[in-house]
Amino acid sequence: MKKYRDIHHYYLSNFFKHSELNYDSFWLFYNQEDGIQMENFLPDQKVYSFLWEYADKDILVKIDEWKRAFRRNDIEFLPEAKLHKRDYLSGKRKVYLDCLETNLKTADEKFKGLTAYDTGQRFFQIVTDEDLSFKDIDLSFLELTDTGDKSRALIRILDTDGIQTLILNGYHHRGELLKVCIVKSDKTSLKITEDLPLNIFENTYVSMPFNW
């Protein structure tokens with residue numbers, strides 16, 4: 001695994017002017033067969049794991065609403081799991097947004113098969129303090145239709161007390177997978193000191209969450 005801090009803000013400068021940049025990004029490159037344990041980088045924190053899917057008009061509405069996003073991708077959870085559900089519209093298409101509230105160890109186990117090569121493009125995580133609840137996360141940015149505005153508003157939720165890290169999925173064209181961690185510049189528990197020396201982003205793909 002290789003770990004870098006993007007000190008030149010190659011990635012975040014796609015969304016913000018340098019004068020507005022109050023955030024940093026950290027890039028974790030890993031092989032799919034080895035997997036990755038985000039708990040090792042962000043210990044003792046809670047994570048909200050989001051997955052979304054479009055409604056399927058080819059099956060009965062009740063079955064479609066029951067399947068939603070997690071069941072549609074064969075992600076199982078216990079009945080007592082803290083599951084949060086939201087519905088949105090993209091044009092005339094209904095979007096199911098499911099969110100599982102867990103610790104990072106459980107999330108690593110449940111979602112290890114999701115990569116940006118496929119379903120992981122619709123997967124996103126918010127890491128928070130233990131005492132932050134789902135209702136404390138301002139999801140109003142999901143109502144925005146402009147993708148640039150939505151992306152900037154999403155990153156700005158890091159200004160909320162208790163929200164620590166946003167985790168995006170991606171891959172490098174040489175075959176490695178990516179976890180991109182975005183944090184507030186003045187507070188992060190990530191201990192990564194090696195700097196990203198070059199702008200490598202022409203050779204990477206990073207899925208922008210909630211881009212429906």
# chains A, B, ... in the order shown; residues from 1 in each chain; ligands from 1
>>> select_by_dssp(residues="chain A", states="strand (DSSP E)", output="VMD selection string")
chain A and resid 2 to 5 23 to 30 46 to 54 82 to 90 93 to 103 123 to 128 163 to 172 177 to 184 204 to 206
>>> residues_around(residues="range 144-155 of chain A", least_positions_apart="5", cutoff="8 Å", atoms="only C-alpha atoms", output="VMD selection string")
chain A and resid 15 to 16 166 182 208 to 209 211
>>> residues_around(residues="Glu194 in chain A", least_positions_apart="2", cutoff="12 Å", atoms="only C-alpha atoms", output="NGL selection string")
:A and (2-7 or 26-28 or 190-192 or 196-197)
>>> residues_around(residues="range 123-129 of chain A", least_positions_apart="4", cutoff="9 Å", atoms="only C-alpha atoms", output="MDAnalysis selection string")
chainID A and resid 42 44:52 99 104 111 114:116 119 133 161:169 207:210
>>> write_last_selection(atoms="N, CA, C and O atoms", output="compact mmCIF listing (two decimals), in the first residue's frame")
# COMPACT_ATOMS: atom_id res chain seq x y z
N LEU A 42 -8.26 5.38 10.97
CA LEU A 42 -9.22 6.24 11.67
C LEU A 42 -9.81 5.48 12.85
O LEU A 42 -10.99 5.14 12.86
N ASP A 44 -11.34 4.30 16.50
CA ASP A 44 -12.27 4.81 17.52
C ASP A 44 -13.20 5.88 16.99
O ASP A 44 -13.53 6.84 17.69
N GLN A 45 -13.63 5.71 15.74
CA GLN A 45 -14.58 6.65 15.18
C GLN A 45 -15.75 5.88 14.56
O GLN A 45 -15.67 4.69 14.29
N LYS A 46 -16.83 6.59 14.36
CA LYS A 46 -18.03 6.00 13.78
C LYS A 46 -18.07 6.35 12.29
O LYS A 46 -17.50 7.34 11.85
N VAL A 47 -18.75 5.51 11.51
CA VAL A 47 -18.84 5.77 10.08
C VAL A 47 -20.27 5.56 9.60
O VAL A 47 -20.96 4.63 10.02
N TYR A 48 -20.69 6.46 8.73
CA TYR A 48 -21.96 6.34 8.02
C TYR A 48 -21.63 5.95 6.58
O TYR A 48 -20.97 6.71 5.86
N SER A 49 -22.08 4.77 6.16
CA SER A 49 -21.77 4.23 4.84
C SER A 49 -23.01 4.35 3.95
O SER A 49 -24.05 3.74 4.24
N PHE A 50 -22.89 5.09 2.87
CA PHE A 50 -24.01 5.37 1.97
C PHE A 50 -23.86 4.59 0.68
O PHE A 50 -22.78 4.49 0.10
N LEU A 51 -24.99 4.05 0.20
CA LEU A 51 -25.04 3.39 -1.10
C LEU A 51 -26.35 3.76 -1.76
O LEU A 51 -27.40 3.78 -1.09
N TRP A 52 -26.33 4.09 -3.05
CA TRP A 52 -27.57 4.45 -3.71
C TRP A 52 -27.76 3.65 -5.00
O TRP A 52 -26.82 3.17 -5.62
N CYS A 99 -28.21 4.06 4.16
CA CYS A 99 -27.05 4.40 4.97
C CYS A 99 -26.99 3.48 6.18
O CYS A 99 -27.99 3.31 6.89
N LEU A 104 -15.94 1.38 12.07
CA LEU A 104 -15.19 1.18 10.82
C LEU A 104 -14.84 -0.28 10.58
O LEU A 104 -14.77 -0.74 9.44
N PHE A 111 -18.45 -3.93 3.37
CA PHE A 111 -18.37 -3.27 2.07
C PHE A 111 -17.05 -3.50 1.35
O PHE A 111 -16.73 -2.80 0.39
N LEU A 114 -16.98 -3.64 -2.54
CA LEU A 114 -17.40 -2.52 -3.37
C LEU A 114 -16.19 -1.71 -3.82
O LEU A 114 -15.45 -1.18 -3.00
N THR A 115 -15.98 -1.62 -5.12
CA THR A 115 -14.86 -0.85 -5.65
C THR A 115 -15.38 0.11 -6.72
O THR A 115 -16.50 -0.04 -7.22
N ALA A 116 -14.56 1.08 -7.07
CA ALA A 116 -14.96 2.07 -8.08
C ALA A 116 -15.02 1.47 -9.48
O ALA A 116 -15.42 2.16 -10.41
N THR A 119 -19.95 -1.18 -8.39
CA THR A 119 -20.89 -0.63 -7.42
C THR A 119 -20.27 0.45 -6.54
O THR A 119 -20.96 1.36 -6.08
N SER A 133 -24.98 12.11 15.63
CA SER A 133 -26.08 11.28 15.16
C SER A 133 -26.38 11.58 13.69
O SER A 133 -25.95 12.60 13.13
N ASP A 161 -19.13 20.48 13.25
CA ASP A 161 -18.44 19.87 14.39
C ASP A 161 -18.79 18.39 14.48
O ASP A 161 -19.97 18.01 14.40
N GLY A 162 -17.77 17.56 14.62
CA GLY A 162 -17.99 16.12 14.77
C GLY A 162 -17.82 15.33 13.50
O GLY A 162 -17.66 14.11 13.54
N ILE A 163 -17.87 15.98 12.34
CA ILE A 163 -17.62 15.28 11.07
C ILE A 163 -16.13 15.37 10.77
O ILE A 163 -15.57 16.46 10.66
N GLN A 164 -15.48 14.22 10.67
CA GLN A 164 -14.03 14.17 10.61
C GLN A 164 -13.47 13.94 9.21
O GLN A 164 -12.50 14.59 8.81
N THR A 165 -14.06 13.00 8.46
CA THR A 165 -13.44 12.56 7.20
C THR A 165 -14.51 12.13 6.20
O THR A 165 -15.51 11.50 6.59
N LEU A 166 -14.30 12.46 4.94
CA LEU A 166 -15.11 11.94 3.84
C LEU A 166 -14.25 10.94 3.07
O LEU A 166 -13.09 11.22 2.77
N ILE A 167 -14.82 9.78 2.75
CA ILE A 167 -14.05 8.74 2.05
C ILE A 167 -14.70 8.45 0.70
O ILE A 167 -15.85 8.02 0.63
N LEU A 168 -13.92 8.69 -0.37
CA LEU A 168 -14.36 8.44 -1.73
C LEU A 168 -13.61 7.23 -2.28
O LEU A 168 -12.55 6.86 -1.77
N ASN A 169 -14.16 6.65 -3.33
CA ASN A 169 -13.54 5.48 -3.96
C ASN A 169 -13.02 5.83 -5.35
O ASN A 169 -13.59 6.67 -6.05
N SER A 207 -14.71 8.49 -8.11
CA SER A 207 -16.14 8.68 -8.26
C SER A 207 -16.62 9.82 -7.36
O SER A 207 -16.24 9.87 -6.17
N MET A 208 -17.39 10.73 -7.91
CA MET A 208 -17.95 11.81 -7.11
C MET A 208 -19.27 11.34 -6.56
O MET A 208 -20.17 10.98 -7.32
N PRO A 209 -19.43 11.31 -5.25
CA PRO A 209 -20.64 10.73 -4.65
C PRO A 209 -21.92 11.47 -5.03
O PRO A 209 -21.91 12.66 -5.30
N PHE A 210 -23.00 10.72 -5.04
CA PHE A 210 -24.35 11.27 -5.22
C PHE A 210 -24.50 11.99 -6.55
O PHE A 210 -25.27 12.94 -6.67
>>> residues_around(residues="Tyr54 in chain A", least_positions_apart="6", cutoff="7 Å", atoms="only C-alpha atoms", output="MDAnalysis selection string")
chainID A and resid 93:96
>>> closest_atom_pairs(of="range 112-205 of chain A", to="range 66-89 of chain A", cutoff="9 Å", atoms="only C-alpha atoms", output="tab-separated table")
residue	atom	partner	partner_atom	distance
A:Thr119	CA	A:Asn73	CA	8.1
A:Phe134	CA	A:His84	CA	8.0
A:Leu142	CA	A:Tyr88	CA	8.2
A:Glu143	CA	A:Tyr88	CA	8.0
>>> atom_distance(atom1="CA of Tyr30 in chain A", atom2="CA of Tyr10 in chain A")
20.1 Å
>>> select_by_dssp(residues="range 13-200 of chain A", states="alpha helix (DSSP H)", output="list of chain:residue names")
A:Val61, A:Lys62, A:Ile63, A:Asp64, A:Glu65, A:Trp66, A:Lys67, A:Leu104, A:Lys105, A:Thr106, A:Ala107, A:Asp108, A:Glu109, A:Lys110, A:Thr147, A:Gly148, A:Asp149, A:Lys150, A:Ser151, A:Arg152, A:Ala153, A:Leu154, A:Ile155, A:Arg156
>>> closest_residue(among="A:Ile36, A:Ala107, A:Cys181, A:Ile59", to="Tyr23 in chain A", atoms="only C-alpha atoms")
A:Cys181
>>> atom_distance(atom1="CA of Val183 in chain A", atom2="CA of Asn22 in chain A")
8.8 Å
>>> closest_residue(among="A:Glu39, A:Asp24, A:Asp64, A:Glu53", to="Ser185 in chain A", atoms="only C-alpha atoms")
A:Asp24
>>> atom_distance(atom1="CA of Val206 in chain A", atom2="CA of Gly113 in chain A")
16.7 Å
